[in-house]
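Undergrad: Have a look at this one.
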Amino acid sequence: MAGGSVCKSCGSLLPLPDGDGNVSCLSCGRTERVPAEEPAAAPGASTEASGETVFISWKPGDGGGGASSSSAGRRVGCIVAVAILAVVVPIIVVLAGVLTSTTAVKEAFDDVGATGTDRSSFNPAGYEVIELPVTDGGGTEVVTVAYDGQKGDRFIARVALAAGGGPDGGWASEPFPKDVYDARMLVSGPTLFAAVGDELWALVAETGVVSWKAPLSDVVHVACDSCFQPLGDGVVVSTADGQVFAYGPGSAQPLWGHRLVSDGSPLHLNEAGVAVIDDVPDGPGRKQVVVLDPVTGAVVSSYAPTCQDGTREKQLSFTDSIYAIEGSTDLIATISMGGTCLVRWNGANGQQVWSAPVDIWSLRDLGILSSDHLYVSSDDGIVSVDLATGSNLLMAPPPDSEAEPLFRSGDLLVSATRVNRGSAEAGLAGYEAATGQLRWSFPLPGGGELLPVGSRSSEALHSDDRSVVFDADGRLMVATFSGEARTVTFRSIELASGVLGEPSVVQLPEDTGTPSVTIHRADSRGLLITIDRAVVRVPLSGDPVMWP
């Protein structure tokens with residue numbers, strides 16, 4: 001199907017039809033027959049009353065910033081604005097009566113007959129699902145990107161999950177631009193912030209009303225979890241073109257901005273401020289960590305961590321990782337170019353605290369912080385680093401396996417394992433956090449693979465089982481998905497021995513689409529997942545609630 005046709009069920013782009021005119025969605029499995037030719041959709045029209053758009057750019061080291069010229073296609077001069085004002089305002093008045101408002105879309109959830117919109121055509125369509133705290137009567141409410149299969153619109157939806165499907169009340173925002181398919185989102189107090197294409201939207205979390213929109217200099221990569229983070233009651237954003245912006249909830253005007261020398265980079269927040277890896281000005285190939293003041297955006301410190309190996313200096317690269325220690329102004333960098341070492345420094349003043357060599361070739365970008373240790377994966381095992389001194393030791397994986405740290409639970413480090421000889425069998429291991437001694441290990445129940453919590457891409461649930469392990473308020477749990485039986489089986493894990501407890505089986509909803517799952521959250525209440533086209537809260541026991 002030429003022209004970017006989309007699935008009426010899930011909104012994914014469809015492939016070309018076969019010789020009989022049938023086309024199957026690669027995402028959800030829906031099959032439909034299409035005519036030989038489809039008329040091209042007319043471009044959508046939108047009208048906004050806005051003032052002059054000015055992109056503000058900053059150079060490294062500037063605390064404030066001067067305005068620079070924006071692209072000619074987006075900037076409207078004052079003289080031209082006055083000339084067209086008399087034409088634009090009447091058009092806006094007329095369109096206001098026919099465009100779908102936020103209130104009208106909200107009624108589509110509450111009262112189908114009020115608008116004639118069939119809410120059964122609304123489906124979840126985003127990678128991100130945010131669970132909102134609910135105080136009145138409990139229950140589960142989520143915010144996610146949704147798709148209207150009748151109108152072809154994508155938008156942000158707040159939905160109360162219900163037994164047997166829903167939605168049970170909620171709201172939908174105004175539609176996205178037609179070329180935007182997903183959004184990064186976070187909730188900060190009463191405000192829901194969303195990076196929609198190259199715009200930042202601020203919505204009232206309770207109603208879905210868009211308070212304001214701010215143009216961004218570029219998009220925020222949907223797959224970059226660290227590029228869109230809460231900052232106080234606002235948000236800090238790292239755009240793809242290498243600019244960092246901070247916004248408060250009350251205005252579309254940025255509080256501050258900083259232009260990086262390099263392209264966009266993930267952000268790391270702690271007591272020192274907002275840290276980001278950047279190129280050293282006039283230093284070809286050299287990298288530094290810049291810390292920005294969270295209030296003003298001024299550069300607090302610039303530090304290029306290095307390690308000395310005899311006469312050779314090891315430098316930070318973009319393939320390395322930095323970790324911001326919560327409740328502290330300190331940061332840690334892993335350096336793997338030409339050997340491996342770790343550096344801890346004070347982000348408030350750029351002063352080194354310690355530098356420590358690591359006796360392995362390289363460290364992977366798979367590390368977790370606890371209150372007193374950093375655990376980083378390598379080809380040889382897990383490196384345990386004492387935050388106070390930098391002293392480190394290697395936690396050897398089980399025989400013929402490799403290991404990756406998952407999380408710390410009390411005095412136990414829980415790790416994923418995978419056999420690296422013969423069949424790649426996945427499993428779990430528990431290490432003494434203090435000594436690095438292997439306490440227990442076992443293959444995953446039912447075999448299959450281990451799904452990481454917060455996975456950004458769906459993993460197919462075919463005949464092999466898939467599992468996720470998580471800490472449920474100090475109680476170690478493993479949940480195993482069976483694709484054929486469409487069940488989730490929960491088992492507790494004894495911390496001391498690794499012995500599995502009795503199974504508790506929860507039945508998942510039936511669907512004819514391709515079975516796939518994304519894990520959004522795992523806690524003492526169970527799992528929040530997207531399976532097929534449904535958002536589902538799977539309890540440790542009992543019946544799930546879902547939408548749709």
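Just so we're on the same page: first chain in the structure tokens is A, next is B, and so on; residues restart at 1 for each chain, and ligands are numbered from 1 in the order they show up.
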Do a neighbour search on range 337-349 of chain A at 7 Å with only C-alpha atoms, toss out local chain neighbours closer than 2 positions, and write the hits as a list of chain:residue names.

TA: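 Listing them by chain and then by number gives A:Ala272, A:Val291, A:Val300, A:Ser301, A:Pro305, A:Cys307, A:Lys314, A:Gln315, A:Thr329, A:Asp330, A:Leu331, A:Ile332, A:Ala333, A:Thr334, A:Ile335, A:Gln351, A:Gln352, A:Val353, A:Trp354, A:Ser355, A:Ala356, A:Pro357, A:Val358, A:Ile360, A:Trp361, A:Ser362.
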
Undergrad: Could the residues in this selection be written to a file with N, CA, C and O atoms, as a short mmCIF file (atom, residue, chain, number, x, y, z; two decimals), in the first residue's frame?

TA:
```cif
data_model
loop_
_atom_site.label_atom_id
_atom_site.label_comp_id
_atom_site.auth_asym_id
_atom_site.auth_seq_id
_atom_site.Cartn_x
_atom_site.Cartn_y
_atom_site.Cartn_z
N ALA A 272 24.60 18.37 42.33
CA ALA A 272 25.47 19.35 41.67
C ALA A 272 24.73 20.10 40.56
O ALA A 272 25.04 21.26 40.29
N VAL A 291 28.58 20.44 33.95
CA VAL A 291 27.49 20.47 34.93
C VAL A 291 26.84 21.85 34.88
O VAL A 291 27.53 22.87 34.99
N VAL A 300 28.39 25.22 36.00
CA VAL A 300 28.91 25.08 37.35
C VAL A 300 30.35 24.58 37.31
O VAL A 300 31.23 25.09 38.02
N SER A 301 30.60 23.58 36.48
CA SER A 301 31.95 23.04 36.34
C SER A 301 32.08 22.33 35.00
O SER A 301 31.09 21.88 34.42
N PRO A 305 37.48 13.91 32.79
CA PRO A 305 38.11 12.87 33.59
C PRO A 305 39.11 12.05 32.79
O PRO A 305 38.86 11.69 31.63
N CYS A 307 42.58 9.02 33.31
CA CYS A 307 43.34 8.11 34.17
C CYS A 307 44.76 8.02 33.63
O CYS A 307 44.97 8.07 32.41
N LYS A 314 44.54 7.98 29.74
CA LYS A 314 43.29 7.46 29.22
C LYS A 314 42.23 8.53 29.34
O LYS A 314 42.11 9.18 30.39
N GLN A 315 41.47 8.73 28.26
CA GLN A 315 40.51 9.83 28.22
C GLN A 315 39.09 9.32 28.07
O GLN A 315 38.84 8.21 27.57
N THR A 329 26.93 15.61 45.35
CA THR A 329 27.34 16.40 44.20
C THR A 329 28.34 15.66 43.33
O THR A 329 28.82 16.20 42.33
N ASP A 330 28.66 14.40 43.68
CA ASP A 330 29.71 13.65 42.99
C ASP A 330 29.17 12.87 41.80
O ASP A 330 28.00 12.47 41.77
N LEU A 331 30.07 12.64 40.84
CA LEU A 331 29.79 11.83 39.67
C LEU A 331 30.91 10.82 39.47
O LEU A 331 32.03 11.03 39.95
N ILE A 332 30.61 9.73 38.75
CA ILE A 332 31.60 8.70 38.44
C ILE A 332 31.58 8.48 36.94
O ILE A 332 30.51 8.44 36.31
N ALA A 333 32.76 8.34 36.34
CA ALA A 333 32.88 8.04 34.92
C ALA A 333 33.65 6.74 34.75
O ALA A 333 34.60 6.45 35.48
N THR A 334 33.21 5.92 33.78
CA THR A 334 33.97 4.75 33.36
C THR A 334 34.76 5.12 32.12
O THR A 334 34.22 5.74 31.20
N ILE A 335 36.02 4.78 32.08
CA ILE A 335 36.88 5.10 30.95
C ILE A 335 37.46 3.80 30.42
O ILE A 335 38.10 3.06 31.16
N GLN A 351 36.64 18.92 41.13
CA GLN A 351 37.81 18.38 41.81
C GLN A 351 37.70 16.85 41.91
O GLN A 351 36.67 16.32 42.34
N GLN A 352 38.79 16.15 41.52
CA GLN A 352 38.80 14.69 41.56
C GLN A 352 38.79 14.19 43.01
O GLN A 352 39.47 14.72 43.88
N VAL A 353 37.99 13.14 43.26
CA VAL A 353 37.94 12.49 44.57
C VAL A 353 38.87 11.28 44.58
O VAL A 353 39.67 11.11 45.49
N TRP A 354 38.75 10.43 43.57
CA TRP A 354 39.69 9.31 43.40
C TRP A 354 39.69 8.85 41.96
O TRP A 354 38.76 9.11 41.19
N SER A 355 40.75 8.15 41.58
CA SER A 355 40.90 7.50 40.28
C SER A 355 41.38 6.08 40.55
O SER A 355 42.32 5.89 41.33
N ALA A 356 40.73 5.10 39.94
CA ALA A 356 41.04 3.71 40.24
C ALA A 356 41.11 2.88 38.97
O ALA A 356 40.17 2.89 38.17
N PRO A 357 42.22 2.15 38.74
CA PRO A 357 42.29 1.25 37.59
C PRO A 357 41.44 0.01 37.82
O PRO A 357 41.18 -0.40 38.96
N VAL A 358 40.97 -0.59 36.72
CA VAL A 358 40.21 -1.84 36.77
C VAL A 358 40.93 -2.83 35.87
O VAL A 358 41.21 -2.53 34.71
N ILE A 360 40.53 -5.17 33.82
CA ILE A 360 39.85 -5.84 32.72
C ILE A 360 39.96 -4.94 31.50
O ILE A 360 40.35 -3.77 31.60
N TRP A 361 39.60 -5.48 30.34
CA TRP A 361 39.81 -4.71 29.12
C TRP A 361 38.78 -3.60 28.93
O TRP A 361 39.12 -2.48 28.58
N SER A 362 37.50 -3.89 29.17
CA SER A 362 36.47 -2.87 28.93
C SER A 362 35.27 -3.10 29.82
O SER A 362 35.02 -4.20 30.31
#
```

Undergrad: Which residues are close to Gly327 in chain A, i.e. within 8 Å by only C-alpha atoms, leaving aside same-chain residues fewer than 2 positions away? Reply as a list in words.

TA: Asn270, Glu271, Ile325 and Thr329 of chain A

Undergrad: Counting only C-alpha atoms, what is within 9 Å of Asp182 in chain A, bar same-chain residues fewer than 6 positions away, as a PyMOL selection string?

TA: chain A and resi 125-128+145-146+154-155+176+195-197+222

Undergrad: Pick out the residues sitting within 9 Å of Leu508 in chain A, and hand them over as a PDB file with N, CA, C and O atoms, in the first residue's frame; count only C-alpha atoms, and ignore anything fewer than 6 positions along from it in its own chain.

TA:
```
ATOM      1  N   ALA A 485      -0.053 -20.276  26.443  1.00  0.00           N
ATOM      2  CA  ALA A 485      -1.147 -20.336  27.419  1.00  0.00           C
ATOM      3  C   ALA A 485      -1.680 -18.967  27.785  1.00  0.00           C
ATOM      4  O   ALA A 485      -2.748 -18.855  28.383  1.00  0.00           O
ATOM      5  N   ARG A 486      -0.927 -17.907  27.423  1.00  0.00           N
ATOM      6  CA  ARG A 486      -1.295 -16.534  27.731  1.00  0.00           C
ATOM      7  C   ARG A 486      -1.520 -16.365  29.236  1.00  0.00           C
ATOM      8  O   ARG A 486      -2.579 -15.903  29.680  1.00  0.00           O
ATOM      9  N   THR A 487      -0.513 -16.777  30.012  1.00  0.00           N
ATOM     10  CA  THR A 487      -0.563 -16.647  31.454  1.00  0.00           C
ATOM     11  C   THR A 487       0.705 -15.961  31.952  1.00  0.00           C
ATOM     12  O   THR A 487       1.730 -15.924  31.265  1.00  0.00           O
ATOM     13  N   VAL A 488       0.620 -15.395  33.165  1.00  0.00           N
ATOM     14  CA  VAL A 488       1.785 -14.932  33.910  1.00  0.00           C
ATOM     15  C   VAL A 488       1.823 -15.716  35.211  1.00  0.00           C
ATOM     16  O   VAL A 488       0.836 -15.755  35.944  1.00  0.00           O
ATOM     17  N   ILE A 531       0.541  -5.609  26.360  1.00  0.00           N
ATOM     18  CA  ILE A 531       0.556  -6.904  25.686  1.00  0.00           C
ATOM     19  C   ILE A 531      -0.393  -6.829  24.507  1.00  0.00           C
ATOM     20  O   ILE A 531      -1.535  -6.370  24.637  1.00  0.00           O
ATOM     21  N   VAL A 536      -2.179  -3.432  30.477  1.00  0.00           N
ATOM     22  CA  VAL A 536      -2.727  -4.346  31.473  1.00  0.00           C
ATOM     23  C   VAL A 536      -1.958  -4.188  32.785  1.00  0.00           C
ATOM     24  O   VAL A 536      -0.727  -4.167  32.794  1.00  0.00           O
ATOM     25  N   VAL A 538      -1.249  -6.371  35.844  1.00  0.00           N
ATOM     26  CA  VAL A 538      -1.325  -7.777  36.223  1.00  0.00           C
ATOM     27  C   VAL A 538      -0.993  -7.894  37.702  1.00  0.00           C
ATOM     28  O   VAL A 538       0.152  -7.662  38.104  1.00  0.00           O
ATOM     29  N   ASP A 543      -7.602 -11.064  39.177  1.00  0.00           N
ATOM     30  CA  ASP A 543      -7.882 -10.741  37.779  1.00  0.00           C
ATOM     31  C   ASP A 543      -7.200  -9.445  37.363  1.00  0.00           C
ATOM     32  O   ASP A 543      -7.187  -8.474  38.123  1.00  0.00           O
ATOM     33  N   PRO A 544      -6.662  -9.401  36.150  1.00  0.00           N
ATOM     34  CA  PRO A 544      -6.037  -8.161  35.665  1.00  0.00           C
ATOM     35  C   PRO A 544      -7.074  -7.116  35.290  1.00  0.00           C
ATOM     36  O   PRO A 544      -8.240  -7.428  35.041  1.00  0.00           O
TER      37      PRO A 544
END
```

Undergrad: One number please: CA of Leu500 in chain A to CA of Ser467 in chain A, in Å, one decimal.

TA: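 Calculated distance between CA of Leu500 in chain A and CA of Ser467 in chain A is 13.6 Å.
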
Undergrad: Quick check, in Å to one decimal: how far apart do CA of Gln507 in chain A and CA of Pro445 in chain A lie?

TA: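 Answer for the CA of Gln507 in chain A to CA of Pro445 in chain A separation: 17.4 Å.
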
Undergrad: Select, from A:Val210, A:Ala403, A:Ala324, A:Leu444, the residue with the minimum atom-to-atom distance to Tyr431 in chain A, counting only C-alpha atoms.

TA: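 Nearest to Tyr431 in chain A: A:Ala403.
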
Undergrad: Need to verify the contact set: Ala202 in chain A, 6 Å, only C-alpha atoms, exclusion of same-chain residues closer than 5 positions in sequence. Can you return it as a list in words?

TA: Leu192, Phe193, Val210, Ser211 and Trp212 of chain A

Undergrad: Could the residues in this selection be saved with N, CA and C atoms as a PDB file, in the first residue's frame?

TA:
```
ATOM      1  N   LEU A 192       1.509  17.505  33.138  1.00  0.00           N
ATOM      2  CA  LEU A 192       2.030  16.454  32.280  1.00  0.00           C
ATOM      3  C   LEU A 192       2.805  17.119  31.148  1.00  0.00           C
ATOM      4  N   PHE A 193       4.116  16.862  31.093  1.00  0.00           N
ATOM      5  CA  PHE A 193       4.947  17.389  30.012  1.00  0.00           C
ATOM      6  C   PHE A 193       5.111  16.320  28.946  1.00  0.00           C
ATOM      7  N   VAL A 210      -4.339  21.440  27.129  1.00  0.00           N
ATOM      8  CA  VAL A 210      -2.982  21.910  26.829  1.00  0.00           C
ATOM      9  C   VAL A 210      -2.840  23.342  27.313  1.00  0.00           C
ATOM     10  N   SER A 211      -1.992  23.549  28.330  1.00  0.00           N
ATOM     11  CA  SER A 211      -1.781  24.895  28.876  1.00  0.00           C
ATOM     12  C   SER A 211      -0.961  25.750  27.931  1.00  0.00           C
ATOM     13  N   TRP A 212       0.083  25.153  27.354  1.00  0.00           N
ATOM     14  CA  TRP A 212       0.914  25.885  26.403  1.00  0.00           C
ATOM     15  C   TRP A 212       1.744  24.914  25.579  1.00  0.00           C
TER      16      TRP A 212
END
```

Undergrad: With distances taken over only C-alpha atoms, which of A:Val219, A:Ser492, A:Met185, A:Glu131 is nearest to Glu199 in chain A?

TA: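 Looking at the shortest contact to Glu199 in chain A, the residue is A:Val219.
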
Undergrad: As an exercise, work out the distance from CA of Cys227 in chain A to CA of Ser516 in chain A in Å and give it to one decimal place.

TA: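 Spanning CA of Cys227 in chain A to CA of Ser516 in chain A is a straight-line distance of 26.4 Å.
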
Undergrad: Find the residues around Pro281 in chain A up to 9 Å (only C-alpha atoms counted), leave out those fewer than 3 positions away in its own chain, and share them as an NGL selection string.

TA: :A and (60 or 261 or 278 or 284 or 286)

Undergrad: Print the selection's residues with all heavy atoms to a file, as an mmCIF file, in the first residue's frame.

TA:
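Below is the file that was written, out.cif:
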```cif
data_model
loop_
_atom_site.group_PDB
_atom_site.id
_atom_site.type_symbol
_atom_site.label_atom_id
_atom_site.label_comp_id
_atom_site.auth_asym_id
_atom_site.auth_seq_id
_atom_site.Cartn_x
_atom_site.Cartn_y
_atom_site.Cartn_z
ATOM 1 N N PRO A 60 28.520 27.507 24.813
ATOM 2 C CA PRO A 60 29.035 26.928 26.057
ATOM 3 C C PRO A 60 29.607 27.999 26.970
ATOM 4 O O PRO A 60 30.357 28.874 26.555
ATOM 5 C CB PRO A 60 30.132 25.967 25.560
ATOM 6 C CG PRO A 60 29.727 25.629 24.157
ATOM 7 C CD PRO A 60 29.076 26.878 23.623
ATOM 8 N N VAL A 261 28.626 21.721 22.434
ATOM 9 C CA VAL A 261 29.519 21.686 21.271
ATOM 10 C C VAL A 261 29.159 20.481 20.412
ATOM 11 O O VAL A 261 29.173 20.549 19.180
ATOM 12 C CB VAL A 261 30.992 21.619 21.727
ATOM 13 C CG1 VAL A 261 31.922 21.550 20.515
ATOM 14 C CG2 VAL A 261 31.334 22.816 22.601
ATOM 15 N N ASP A 278 30.076 16.288 26.764
ATOM 16 C CA ASP A 278 30.182 17.218 25.650
ATOM 17 C C ASP A 278 31.613 17.192 25.113
ATOM 18 O O ASP A 278 32.543 16.714 25.778
ATOM 19 C CB ASP A 278 29.816 18.635 26.111
ATOM 20 C CG ASP A 278 29.558 19.587 24.955
ATOM 21 O OD1 ASP A 278 29.459 19.119 23.805
ATOM 22 O OD2 ASP A 278 29.447 20.801 25.207
ATOM 23 N N PRO A 284 40.082 18.642 19.718
ATOM 24 C CA PRO A 284 39.578 17.584 18.827
ATOM 25 C C PRO A 284 39.634 16.202 19.482
ATOM 26 O O PRO A 284 40.680 15.784 19.979
ATOM 27 C CB PRO A 284 40.519 17.663 17.621
ATOM 28 C CG PRO A 284 41.094 19.041 17.660
ATOM 29 C CD PRO A 284 41.182 19.403 19.119
ATOM 30 N N ARG A 286 38.459 15.173 22.280
ATOM 31 C CA ARG A 286 38.410 15.100 23.738
ATOM 32 C C ARG A 286 36.989 15.359 24.233
ATOM 33 O O ARG A 286 36.251 16.184 23.696
ATOM 34 C CB ARG A 286 39.372 16.100 24.367
ATOM 35 C CG ARG A 286 40.839 15.834 24.077
ATOM 36 C CD ARG A 286 41.721 16.496 25.126
ATOM 37 N NE ARG A 286 41.471 15.942 26.466
ATOM 38 C CZ ARG A 286 42.039 16.430 27.575
ATOM 39 N NH1 ARG A 286 42.857 17.479 27.502
ATOM 40 N NH2 ARG A 286 41.774 15.880 28.745
#
```

Undergrad: Restricting the calculation to only C-alpha atoms, which member of A:Phe245, A:Arg533, A:Ser401, A:Ala496 is positioned closest to Gly422 in chain A?

TA: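 Result for the nearest residue to Gly422 in chain A: A:Ser401.
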